[in-house]
>>> print(open('query05.cif').read())   # mmCIF, C-alpha atoms
data_model
loop_
_atom_site.label_atom_id
_atom_site.label_comp_id
_atom_site.auth_asym_id
_atom_site.auth_seq_id
_atom_site.Cartn_x
_atom_site.Cartn_y
_atom_site.Cartn_z
CA MET A 29 15.19 -9.30 -10.25
CA TYR A 30 14.65 -12.16 -7.89
CA SER A 31 14.81 -15.88 -8.44
CA PHE A 32 11.63 -17.21 -6.85
CA PRO A 33 10.37 -20.68 -7.70
CA VAL A 34 7.76 -20.69 -10.43
CA SER A 35 5.29 -22.25 -7.97
CA THR A 36 5.29 -19.14 -5.78
CA PRO A 37 4.17 -16.17 -7.94
CA ARG A 38 1.76 -15.08 -5.21
CA ILE A 39 4.73 -14.06 -3.05
CA VAL A 40 5.68 -11.45 -5.59
CA SER A 41 2.55 -9.35 -5.39
CA ALA A 42 2.56 -9.46 -1.61
CA LEU A 43 5.95 -7.83 -1.62
CA MET A 44 4.97 -5.40 -4.35
CA LEU A 45 3.18 -3.42 -1.72
CA ILE A 46 6.56 -2.48 -0.37
CA GLY A 47 8.20 0.64 -1.56
CA LEU A 48 7.93 3.83 -3.45
CA ALA A 49 4.40 4.81 -2.88
CA SER A 50 6.09 6.98 -0.38
CA ILE A 51 8.45 8.62 -2.82
CA PRO A 52 5.92 10.98 -4.42
CA GLN A 53 5.28 12.22 -0.89
CA ALA A 54 8.87 12.15 0.33
CA ARG A 55 8.98 15.77 1.42
CA GLY A 56 10.01 17.47 4.62
CA CYS A 57 6.40 17.03 5.71
CA ALA A 58 7.33 13.74 7.33
CA SER A 59 3.75 12.67 8.14
CA CYS A 60 2.02 13.49 4.84
CA GLY A 61 3.04 10.39 2.91
CA CYS A 62 2.74 6.63 2.96
CA LEU A 63 5.84 4.77 4.16
CA LEU A 64 4.99 1.35 2.72
CA ASP A 65 7.92 0.03 0.71
CA ARG A 66 6.49 -1.80 -2.30
CA GLU A 67 8.71 -0.89 -5.25
CA TRP A 68 11.75 -3.11 -4.84
CA ILE A 69 9.92 -6.37 -5.45
CA VAL A 70 8.63 -5.11 -8.79
CA GLN A 71 11.91 -6.46 -10.11
CA SER A 72 11.25 -9.91 -8.70
CA PHE A 73 9.82 -11.54 -11.84
CA ALA A 74 13.35 -12.39 -12.86
CA GLY A 75 12.34 -15.39 -14.96
CA GLU A 76 9.33 -13.62 -16.46
CA PRO A 77 10.46 -10.67 -18.57
CA GLY A 78 7.63 -8.41 -19.61
CA LEU A 79 5.23 -5.80 -18.34
CA GLN A 80 3.88 -5.65 -14.76
CA MET A 81 1.17 -3.22 -13.64
CA ASP A 82 -0.02 -2.17 -10.19
CA LEU A 83 -2.85 0.17 -9.26
CA VAL A 84 -2.59 1.25 -5.62
CA TYR A 85 -5.01 3.30 -3.51
CA THR A 86 -3.77 5.02 -0.34
CA PHE A 87 -5.90 6.91 2.20
CA ILE A 88 -4.24 9.27 4.70
CA ASP A 89 -6.29 11.25 7.24
CA GLN A 90 -4.08 13.70 9.12
CA ASN A 91 -6.38 14.73 11.96
CA GLN A 92 -4.12 14.68 15.01
CA LEU A 93 -2.04 17.68 16.07
CA ARG A 94 1.42 16.68 17.24
CA SER A 95 4.67 18.35 18.28
CA GLY A 96 7.79 16.41 19.08
CA THR A 97 6.80 12.97 20.31
CA GLY A 98 3.47 13.97 21.83
CA ARG A 99 -0.08 14.77 20.86
CA ILE A 100 -1.19 18.35 21.51
CA SER A 101 -4.41 20.36 21.45
CA ALA A 102 -5.18 23.48 19.45
CA SER A 103 -4.64 25.63 22.55
CA ASP A 104 -1.02 24.43 22.73
CA VAL A 105 -0.17 26.08 19.38
CA PRO A 106 1.02 29.64 20.12
CA ALA A 107 -0.28 32.65 18.22
CA GLY A 108 1.84 33.36 15.17
CA GLN A 109 2.18 29.63 14.42
CA GLU A 110 -0.21 28.19 11.83
CA LEU A 111 -2.99 26.09 13.35
CA GLU A 112 -4.00 23.39 10.89
CA ALA A 113 -7.38 21.67 11.19
CA TYR A 114 -7.12 18.58 8.96
CA THR A 115 -5.59 17.17 5.77
CA ARG A 116 -7.20 14.23 3.97
CA SER A 117 -5.48 12.62 0.98
CA ASP A 118 -6.69 9.99 -1.48
CA ILE A 119 -3.77 8.88 -3.65
CA PHE A 120 -4.09 6.60 -6.68
CA THR A 121 -0.75 5.36 -8.03
CA LEU A 122 -0.23 3.51 -11.30
CA ASP A 123 3.03 1.53 -11.44
CA LEU A 124 4.18 0.36 -14.87
CA ASN A 125 7.21 -1.90 -14.55
CA TYR A 126 9.06 -3.53 -17.44
CA VAL A 127 11.46 -6.38 -16.67
CA PHE A 128 14.16 -6.78 -19.34
CA ASN A 129 15.96 -9.75 -17.81
CA ALA A 130 17.12 -11.16 -14.46
CA ASP A 131 19.33 -8.10 -13.87
CA TRP A 132 17.54 -5.01 -15.17
CA SER A 133 14.10 -3.43 -14.97
CA VAL A 134 12.60 0.04 -15.25
CA MET A 135 9.43 1.42 -13.70
CA LEU A 136 7.30 4.52 -14.17
CA GLN A 137 5.07 5.64 -11.27
CA VAL A 138 2.14 7.96 -11.99
CA PRO A 139 0.39 9.23 -8.82
CA TYR A 140 -2.94 11.06 -8.84
CA MET A 141 -3.78 12.96 -5.65
CA ILE A 142 -7.08 14.23 -4.25
CA ARG A 143 -6.45 16.31 -1.13
CA ASP A 144 -8.73 18.33 1.16
CA HIS A 145 -7.13 20.66 3.69
CA ALA A 146 -8.33 23.16 6.28
CA THR A 147 -6.46 25.60 8.50
CA TRP A 148 -7.16 28.26 11.11
CA GLY A 149 -4.08 30.17 9.97
CA VAL A 150 -1.56 31.98 12.12
CA ASP A 151 -4.24 34.07 13.89
CA HIS A 152 -6.24 30.92 14.81
CA HIS A 153 -9.48 32.65 13.78
CA SER A 154 -9.54 32.79 9.96
CA TYR A 155 -10.76 29.36 8.82
CA ASP A 156 -9.82 28.53 5.23
CA THR A 157 -10.08 25.38 3.11
CA SER A 158 -8.61 24.01 -0.09
CA GLU A 159 -9.34 21.15 -2.49
CA THR A 160 -6.82 19.86 -5.01
CA SER A 161 -7.13 17.06 -7.57
CA SER A 162 -4.33 16.40 -10.05
CA ILE A 163 -1.37 14.28 -11.05
CA SER A 164 1.48 14.57 -8.58
CA ASP A 165 5.20 14.22 -9.29
CA MET A 166 6.01 11.12 -11.36
CA ASN A 167 8.96 8.82 -10.70
CA LEU A 168 11.20 6.96 -13.13
CA ILE A 169 13.13 4.12 -11.47
CA VAL A 170 15.85 1.78 -12.76
CA SER A 171 16.80 -1.32 -10.75
CA TYR A 172 19.79 -3.63 -11.06
CA GLN A 173 20.30 -6.87 -9.12
CA GLY A 174 22.98 -8.80 -10.90
CA PHE A 175 25.43 -8.83 -8.00
CA THR A 176 24.65 -12.38 -6.82
CA ALA A 177 23.62 -15.65 -8.45
CA LYS A 178 20.35 -15.54 -6.47
CA HIS A 179 19.61 -11.99 -7.67
CA ASN A 180 18.62 -11.06 -4.11
CA LEU A 181 20.90 -8.05 -3.66
CA GLY A 182 20.08 -4.98 -5.70
CA VAL A 183 20.33 -1.24 -6.14
CA LYS A 184 17.90 1.25 -7.59
CA PHE A 185 18.29 4.78 -8.81
CA GLY A 186 15.98 7.25 -10.43
CA ILE A 187 14.46 10.68 -10.63
CA SER A 188 11.22 12.29 -9.56
CA LEU A 189 9.84 14.62 -12.21
CA PRO A 190 8.14 17.99 -11.52
CA THR A 191 4.88 16.98 -13.21
CA GLY A 192 2.50 18.05 -10.43
CA PRO A 193 1.20 21.64 -10.09
CA PHE A 194 2.50 23.75 -7.21
CA ASP A 195 0.38 26.90 -7.59
CA GLU A 196 -2.93 25.78 -6.04
CA SER A 197 -4.80 28.17 -3.72
CA PHE A 198 -7.13 28.18 -0.75
CA HIS A 199 -10.76 29.04 -1.42
CA SER A 200 -10.00 32.52 -0.10
CA GLY A 201 -7.45 33.01 -2.89
CA ALA A 202 -4.42 32.77 -0.62
CA ALA A 203 -1.60 30.56 -1.85
CA LEU A 204 -1.68 27.00 -0.53
CA ASP A 205 1.35 25.94 1.48
CA ARG A 206 4.04 24.45 -0.78
CA GLY A 207 4.25 21.31 1.35
CA LEU A 208 0.56 20.65 0.63
CA GLN A 209 0.72 21.16 -3.12
CA PRO A 210 0.20 18.17 -5.45
CA GLY A 211 3.70 18.71 -6.85
CA THR A 212 6.97 20.05 -5.49
CA GLY A 213 8.03 21.85 -8.67
CA THR A 214 11.49 20.34 -8.22
CA THR A 215 13.43 17.46 -9.71
CA GLY A 216 14.47 14.81 -7.21
CA LEU A 217 17.12 12.12 -7.15
CA PHE A 218 16.82 8.91 -5.21
CA VAL A 219 19.12 5.94 -4.67
CA GLY A 220 18.56 2.77 -2.70
CA MET A 221 19.74 -0.71 -1.85
CA TYR A 222 17.74 -3.82 -0.96
CA TYR A 223 18.27 -7.43 0.04
CA HIS A 224 15.97 -10.41 0.54
CA ASP A 225 16.36 -14.09 1.40
CA SER A 226 14.71 -17.09 3.02
CA LEU A 227 14.62 -17.19 6.80
CA ALA A 228 13.23 -20.71 7.23
CA LYS A 229 10.80 -23.02 5.47
CA ASP A 230 7.83 -20.90 4.25
CA TRP A 231 9.37 -17.74 5.72
CA GLY A 232 11.13 -14.93 3.89
CA TYR A 233 12.44 -11.47 4.76
CA PHE A 234 13.70 -8.32 3.08
CA GLY A 235 15.36 -5.04 3.94
CA GLN A 236 15.65 -1.80 2.01
CA SER A 237 16.96 1.72 2.44
CA THR A 238 16.21 4.62 0.07
CA LEU A 239 17.51 8.20 0.04
CA HIS A 240 15.49 10.90 -1.72
CA ALA A 241 16.79 14.44 -2.24
CA ALA A 242 15.65 17.41 -4.30
CA LEU A 243 18.22 18.67 -6.80
CA ASN A 244 17.05 22.25 -7.04
CA TYR A 245 14.91 25.06 -5.66
CA ARG A 246 11.77 26.08 -7.54
CA ALA A 247 9.94 29.34 -6.79
CA ASP A 248 11.79 29.69 -3.48
CA TYR A 249 11.06 26.16 -2.31
CA LYS A 250 13.01 22.94 -1.88
CA PRO A 251 11.57 19.87 -0.15
CA GLY A 252 13.61 18.32 2.64
CA THR A 253 15.83 15.31 2.08
CA SER A 254 14.42 12.05 3.42
CA GLN A 255 15.80 8.61 4.22
CA ASP A 256 13.43 5.61 4.32
CA PHE A 257 14.13 2.23 5.90
CA SER A 258 12.03 -0.94 5.70
CA LEU A 259 12.17 -4.45 7.10
CA GLY A 260 9.63 -7.11 6.16
CA LEU A 261 8.70 -10.67 7.07
CA ARG A 262 6.29 -12.85 5.06
CA TYR A 263 4.78 -16.33 5.40
CA THR A 264 4.24 -18.35 2.24
CA GLY A 265 2.84 -21.61 3.62
CA PHE A 266 -0.74 -20.94 2.54
CA GLU A 267 -1.92 -21.76 -0.97
CA ARG A 268 -3.41 -18.41 -2.06
CA VAL A 269 -3.00 -16.09 0.92
CA THR A 270 0.33 -14.53 1.91
CA PRO A 271 0.45 -12.50 5.13
CA GLN A 272 3.27 -10.01 5.62
CA LEU A 273 4.49 -7.70 8.37
CA GLN A 274 6.60 -4.63 7.71
CA VAL A 275 8.34 -2.07 9.90
CA ASN A 276 8.78 1.21 8.01
CA ALA A 277 10.76 4.24 9.16
CA ARG A 278 11.49 7.69 7.78
CA ILE A 279 13.87 10.47 8.75
CA ALA A 280 12.91 13.68 6.91
CA GLY A 281 14.71 17.00 6.92
CA ARG A 282 12.99 20.37 7.02
CA ASP A 283 11.75 22.02 3.84
CA GLN A 284 13.89 24.94 2.68
CA GLY A 285 13.34 28.31 1.01
CA ASP A 286 11.30 31.47 1.50
CA GLN A 287 8.09 29.65 0.50
CA ALA A 288 8.72 26.69 2.81
CA ASP A 289 7.20 26.17 6.25
CA SER A 290 10.58 25.15 7.62
CA LEU A 291 9.58 25.25 11.28
CA ASP A 292 6.62 22.89 10.79
CA SER A 293 8.18 20.26 8.52
CA GLY A 294 10.44 17.28 8.95
CA GLY A 295 10.80 14.68 11.66
CA SER A 296 11.13 10.95 12.30
CA LEU A 297 8.48 8.23 12.00
CA VAL A 298 8.24 4.49 12.60
CA TYR A 299 5.19 2.48 11.47
CA LEU A 300 4.10 -1.13 11.96
CA SER A 301 2.44 -2.34 8.75
CA PRO A 302 0.56 -5.65 8.71
CA GLY A 303 -1.01 -6.79 5.47
CA VAL A 304 -2.10 -9.65 3.28
CA THR A 305 -2.18 -10.52 -0.41
CA ILE A 306 -4.63 -12.87 -2.13
CA GLU A 307 -3.94 -14.67 -5.38
CA LEU A 308 -7.00 -14.28 -7.62
CA THR A 309 -5.47 -15.94 -10.68
CA LYS A 310 -1.95 -16.88 -11.77
CA LYS A 311 -1.59 -13.39 -13.22
CA ILE A 312 -3.69 -11.21 -10.90
CA ASP A 313 -3.35 -10.56 -7.16
CA THR A 314 -4.95 -8.14 -4.74
CA TYR A 315 -3.63 -6.84 -1.41
CA VAL A 316 -4.37 -4.57 1.55
CA PHE A 317 -2.10 -3.13 4.26
CA VAL A 318 -2.69 -0.90 7.30
CA GLN A 319 0.05 1.28 8.79
CA ILE A 320 -0.03 1.99 12.52
CA PRO A 321 2.37 4.55 14.06
CA LEU A 322 4.79 3.21 16.64
CA TYR A 323 6.86 6.38 16.99
CA GLN A 324 6.37 9.96 15.79
CA ASN A 325 8.77 12.83 16.44
CA LEU A 326 7.72 15.83 14.37
CA TYR A 327 9.37 19.25 14.16
CA GLY A 328 7.20 22.22 15.07
CA TYR A 329 3.42 21.72 14.94
CA GLN A 330 2.14 19.21 12.40
CA LEU A 331 -0.90 17.10 11.63
CA ALA A 332 -0.34 13.35 11.67
CA PRO A 333 -2.53 10.32 10.87
CA THR A 334 -3.51 7.68 13.40
CA TRP A 335 -3.48 5.04 10.64
CA ILE A 336 -2.94 4.74 6.88
CA LEU A 337 -4.70 2.37 4.49
CA SER A 338 -3.20 1.04 1.25
CA ALA A 339 -4.88 -1.41 -1.12
CA GLY A 340 -4.01 -2.49 -4.63
CA ILE A 341 -4.23 -4.91 -7.48
CA HIS A 342 -1.33 -6.35 -9.45
CA ALA A 343 -1.39 -7.82 -12.97
CA ALA A 344 1.35 -9.49 -15.00
CA PHE A 345 1.16 -9.58 -18.79
#
>>> encode(input="query05.cif", output="structure tokens")
Amino acid sequence: MYSFPVSTPRIVSALMLIGLASIPQARGCASCGCLLDREWIVQSFAGEPGLQMDLVYTFIDQNQLRSGTGRISASDVPAGQELEAYTRSDIFTLDLNYVFNADWSVMLQVPYMIRDHATWGVDHHSYDTSETSSISDMNLIVSYQGFTAKHNLGVKFGISLPTGPFDESFHSGAALDRGLQPGTGTTGLFVGMYYHDSLAKDWGYFGQSTLHAALNYRADYKPGTSQDFSLGLRYTGFERVTPQLQVNARIAGRDQGDQADSLDSGGSLVYLSPGVTIELTKKIDTYVFVQIPLYQNLYGYQLAPTWILSAGIHAAF
């Protein structure tokens, strides 16, 4: 939990956009999740023990075929390799964070996913679609930041729970790819470290790294291990508006198992993420961020977004 001056509560919600929205999507499908790093600052109400709540909406439109570092066309995908058409995801995430004191807090994340997907299959002629709407895998996160007097160095650890279904089908009746399912079916472990401080008058920065790994196979599938990195800079000189700029990166391993699309999963991503938060009241803030890809290096043939939108509202009780 962080020791911000009482006069700057608006900074907190700006930074709350950083973090684990990505963790429910932290699979070997490197491009199918949001990289914004909002979770670590949930602990920042060090002097205000109690309940915090965020409701976050994320829109991801994967409509660009890519392989390696370049964009490709459908004709570049060889026969025998699945040719995907599009994947559109609307993700609503409820974060419930309880701050016990300046050192400890715990958070539950409940994501709800609506996803439309279409593919031409491995023969590039049989068009099939799917629609899924359900809770995805939940996350339970514990954070500790009692290492320094400023409470600006912390660690977090937690588990992702197999609460999302993983047996959805295409409209044709064929099984939907495991990497596109609302849930992984597996239990995951994640650990991370973060640090923040003042850079100059009205300027602050943070850094965070989080490792997420599945602990088991489920129905011949195990999502790939991923490592996320974030750096952020914010300006707090305005009365009610706090702009922020993040750089978010992910290195994701390939999915594993007989039901995994190992060839077409995993890769490395770097996004530039500008955003702003607006203080509505002393207890309620709203925010919006856009993620723009700076670098994409994807294994095999994958769909990737050209931008990602995240918007949310934060309330303290």
>>> closest_residue(input="query05.cif", among="A:Ile119, A:Val304, A:Leu124, A:Leu93", to="Pro210 in chain A", atoms="all atoms listed in the file")
A:Ile119
>>> closest_residue(input="query05.cif", among="A:Ser293, A:Gln330, A:Ser164, A:Ser237", to="Thr147 in chain A", atoms="all atoms listed in the file")
A:Gln330
>>> resolve_selection(input="query05.cif", expression="the PyMOL selection byres ((chain A and resi 143) around 12)", output="ChimeraX atom specification")
/A:60-61,86-90,114-120,140-142,144-146,157-164,196,198,204,208-211
>>> resolve_selection(input="query05.cif", expression="the PyMOL selection byres ((chain A and resi 247) around 10)", output="JSON, numbers by chain")
{"A": [194, 195, 206, 212, 213, 214, 245, 246, 248, 249, 250, 285, 286, 287]}
>>> resolve_selection(input="query05.cif", expression="the PyMOL selection byres ((chain A and resi 230) around 8)", output="ChimeraX atom specification")
/A:226,228-229,231-232,263-265
>>> residues_around(input="query05.cif", residues="range 309-326 of chain A", least_positions_apart="5", cutoff="7 Å", atoms="all atoms listed in the file", output="short mmCIF file (atom, residue, chain, number, x, y, z; two decimals) with C-alpha atoms, keeping the file's coordinate frame")
data_model
loop_
_atom_site.label_atom_id
_atom_site.label_comp_id
_atom_site.auth_asym_id
_atom_site.auth_seq_id
_atom_site.Cartn_x
_atom_site.Cartn_y
_atom_site.Cartn_z
CA SER A 41 2.55 -9.35 -5.39
CA ALA A 42 2.56 -9.46 -1.61
CA ARG A 94 1.42 16.68 17.24
CA SER A 95 4.67 18.35 18.28
CA GLY A 96 7.79 16.41 19.08
CA THR A 97 6.80 12.97 20.31
CA GLY A 294 10.44 17.28 8.95
CA GLY A 295 10.80 14.68 11.66
CA SER A 296 11.13 10.95 12.30
CA LEU A 297 8.48 8.23 12.00
CA VAL A 298 8.24 4.49 12.60
CA TYR A 299 5.19 2.48 11.47
CA LEU A 300 4.10 -1.13 11.96
CA SER A 301 2.44 -2.34 8.75
CA PRO A 302 0.56 -5.65 8.71
CA GLY A 303 -1.01 -6.79 5.47
CA VAL A 304 -2.10 -9.65 3.28
CA THR A 334 -3.51 7.68 13.40
CA TRP A 335 -3.48 5.04 10.64
CA ILE A 336 -2.94 4.74 6.88
CA LEU A 337 -4.70 2.37 4.49
CA SER A 338 -3.20 1.04 1.25
CA ALA A 339 -4.88 -1.41 -1.12
CA GLY A 340 -4.01 -2.49 -4.63
CA ILE A 341 -4.23 -4.91 -7.48
CA HIS A 342 -1.33 -6.35 -9.45
CA ALA A 343 -1.39 -7.82 -12.97
CA ALA A 344 1.35 -9.49 -15.00
#
>>> closest_residue(input="query05.cif", among="A:Trp132, A:Asp283, A:Phe345, A:Gln80", to="Gly174 in chain A", atoms="only C-alpha atoms")
A:Trp132
>>> closest_residue(input="query05.cif", among="A:Val134, A:Leu308, A:Leu64, A:Val150", to="Phe257 in chain A", atoms="all atoms listed in the file")
A:Leu64
>>> atom_distance(input="query05.cif", atom1="CA of Asp151 in chain A", atom2="CA of Ala113 in chain A")
13.1 Å
>>> atom_distance(input="query05.cif", atom1="CA of Thr191 in chain A", atom2="CA of Glu112 in chain A")
26.5 Å
>>> residues_near_point(input="query05.cif", point="(10.2, 18.4, 9.2)", cutoff="10 Å", atoms="all atoms listed in the file", output="ChimeraX atom specification")
/A:55-59,251-254,279-284,289-296,325-330
>>> atom_distance(input="query05.cif", atom1="CA of Asn180 in chain A", atom2="CA of Asn125 in chain A")
18.0 Å
>>> closest_residue(input="query05.cif", among="A:Thr176, A:Ser101, A:Asn167, A:Gln109", to="Asp131 in chain A", atoms="all atoms listed in the file")
A:Thr176
>>> closest_residue(input="query05.cif", among="A:Met221, A:Leu261, A:Leu111, A:Ala203", to="Trp148 in chain A", atoms="all atoms listed in the file")
A:Leu111
>>> build_atoms(input="query05.cif", residues="range 288-314 of chain A", atoms="N, CA and C atoms", output="PDB file, in the coordinates of the input")
ATOM      1  N   ALA A 288       8.847  27.913   2.022  1.00  0.00           N
ATOM      2  CA  ALA A 288       8.720  26.690   2.810  1.00  0.00           C
ATOM      3  C   ALA A 288       8.283  27.009   4.232  1.00  0.00           C
ATOM      4  N   ASP A 289       7.534  26.096   4.831  1.00  0.00           N
ATOM      5  CA  ASP A 289       7.200  26.170   6.250  1.00  0.00           C
ATOM      6  C   ASP A 289       8.248  25.344   6.990  1.00  0.00           C
ATOM      7  N   SER A 290       9.452  25.906   7.092  1.00  0.00           N
ATOM      8  CA  SER A 290      10.580  25.150   7.620  1.00  0.00           C
ATOM      9  C   SER A 290      10.379  24.722   9.060  1.00  0.00           C
ATOM     10  N   LEU A 291       9.753  25.572   9.868  1.00  0.00           N
ATOM     11  CA  LEU A 291       9.580  25.250  11.280  1.00  0.00           C
ATOM     12  C   LEU A 291       8.653  24.059  11.479  1.00  0.00           C
ATOM     13  N   ASP A 292       7.635  23.935  10.618  1.00  0.00           N
ATOM     14  CA  ASP A 292       6.620  22.890  10.790  1.00  0.00           C
ATOM     15  C   ASP A 292       6.755  21.812   9.709  1.00  0.00           C
ATOM     16  N   SER A 293       7.953  21.345   9.491  1.00  0.00           N
ATOM     17  CA  SER A 293       8.180  20.260   8.520  1.00  0.00           C
ATOM     18  C   SER A 293       9.358  19.438   9.002  1.00  0.00           C
ATOM     19  N   GLY A 294       9.361  18.175   8.581  1.00  0.00           N
ATOM     20  CA  GLY A 294      10.440  17.280   8.950  1.00  0.00           C
ATOM     21  C   GLY A 294      10.169  16.525  10.238  1.00  0.00           C
ATOM     22  N   GLY A 295      10.942  15.481  10.454  1.00  0.00           N
ATOM     23  CA  GLY A 295      10.800  14.680  11.660  1.00  0.00           C
ATOM     24  C   GLY A 295      11.142  13.228  11.396  1.00  0.00           C
ATOM     25  N   SER A 296      10.834  12.384  12.375  1.00  0.00           N
ATOM     26  CA  SER A 296      11.130  10.950  12.300  1.00  0.00           C
ATOM     27  C   SER A 296       9.872  10.156  12.603  1.00  0.00           C
ATOM     28  N   LEU A 297       9.669   9.067  11.856  1.00  0.00           N
ATOM     29  CA  LEU A 297       8.480   8.230  12.000  1.00  0.00           C
ATOM     30  C   LEU A 297       8.871   6.760  11.954  1.00  0.00           C
ATOM     31  N   VAL A 298       8.130   5.941  12.697  1.00  0.00           N
ATOM     32  CA  VAL A 298       8.240   4.490  12.600  1.00  0.00           C
ATOM     33  C   VAL A 298       6.828   3.927  12.585  1.00  0.00           C
ATOM     34  N   TYR A 299       6.515   3.072  11.604  1.00  0.00           N
ATOM     35  CA  TYR A 299       5.190   2.480  11.470  1.00  0.00           C
ATOM     36  C   TYR A 299       5.290   0.957  11.464  1.00  0.00           C
ATOM     37  N   LEU A 300       4.305   0.311  12.070  1.00  0.00           N
ATOM     38  CA  LEU A 300       4.100  -1.130  11.960  1.00  0.00           C
ATOM     39  C   LEU A 300       3.023  -1.350  10.904  1.00  0.00           C
ATOM     40  N   SER A 301       3.307  -2.224   9.921  1.00  0.00           N
ATOM     41  CA  SER A 301       2.440  -2.340   8.750  1.00  0.00           C
ATOM     42  C   SER A 301       2.084  -3.783   8.458  1.00  0.00           C
ATOM     43  N   PRO A 302       1.026  -4.309   9.059  1.00  0.00           N
ATOM     44  CA  PRO A 302       0.560  -5.650   8.710  1.00  0.00           C
ATOM     45  C   PRO A 302      -0.277  -5.620   7.438  1.00  0.00           C
ATOM     46  N   GLY A 303      -0.235  -6.727   6.694  1.00  0.00           N
ATOM     47  CA  GLY A 303      -1.010  -6.790   5.470  1.00  0.00           C
ATOM     48  C   GLY A 303      -1.122  -8.198   4.940  1.00  0.00           C
ATOM     49  N   VAL A 304      -1.875  -8.338   3.867  1.00  0.00           N
ATOM     50  CA  VAL A 304      -2.100  -9.650   3.280  1.00  0.00           C
ATOM     51  C   VAL A 304      -2.318  -9.477   1.771  1.00  0.00           C
ATOM     52  N   THR A 305      -1.887 -10.478   1.011  1.00  0.00           N
ATOM     53  CA  THR A 305      -2.180 -10.520  -0.410  1.00  0.00           C
ATOM     54  C   THR A 305      -2.945 -11.800  -0.726  1.00  0.00           C
ATOM     55  N   ILE A 306      -3.812 -11.722  -1.724  1.00  0.00           N
ATOM     56  CA  ILE A 306      -4.630 -12.870  -2.130  1.00  0.00           C
ATOM     57  C   ILE A 306      -4.447 -13.091  -3.623  1.00  0.00           C
ATOM     58  N   GLU A 307      -4.095 -14.314  -3.976  1.00  0.00           N
ATOM     59  CA  GLU A 307      -3.940 -14.670  -5.380  1.00  0.00           C
ATOM     60  C   GLU A 307      -5.314 -14.934  -5.985  1.00  0.00           C
ATOM     61  N   LEU A 308      -5.717 -14.101  -6.945  1.00  0.00           N
ATOM     62  CA  LEU A 308      -7.000 -14.280  -7.620  1.00  0.00           C
ATOM     63  C   LEU A 308      -6.863 -15.236  -8.796  1.00  0.00           C
ATOM     64  N   THR A 309      -5.817 -15.025  -9.588  1.00  0.00           N
ATOM     65  CA  THR A 309      -5.470 -15.940 -10.680  1.00  0.00           C
ATOM     66  C   THR A 309      -3.950 -16.017 -10.712  1.00  0.00           C
ATOM     67  N   LYS A 310      -3.399 -16.791 -11.642  1.00  0.00           N
ATOM     68  CA  LYS A 310      -1.950 -16.880 -11.770  1.00  0.00           C
ATOM     69  C   LYS A 310      -1.315 -15.573 -12.197  1.00  0.00           C
ATOM     70  N   LYS A 311      -2.115 -14.648 -12.726  1.00  0.00           N
ATOM     71  CA  LYS A 311      -1.590 -13.390 -13.220  1.00  0.00           C
ATOM     72  C   LYS A 311      -2.101 -12.172 -12.455  1.00  0.00           C
ATOM     73  N   ILE A 312      -3.080 -12.350 -11.581  1.00  0.00           N
ATOM     74  CA  ILE A 312      -3.690 -11.210 -10.900  1.00  0.00           C
ATOM     75  C   ILE A 312      -3.750 -11.477  -9.400  1.00  0.00           C
ATOM     76  N   ASP A 313      -3.309 -10.496  -8.622  1.00  0.00           N
ATOM     77  CA  ASP A 313      -3.350 -10.560  -7.160  1.00  0.00           C
ATOM     78  C   ASP A 313      -3.909  -9.252  -6.616  1.00  0.00           C
ATOM     79  N   THR A 314      -4.482  -9.329  -5.424  1.00  0.00           N
ATOM     80  CA  THR A 314      -4.950  -8.140  -4.740  1.00  0.00           C
ATOM     81  C   THR A 314      -4.371  -8.118  -3.329  1.00  0.00           C
TER      82      THR A 314
END
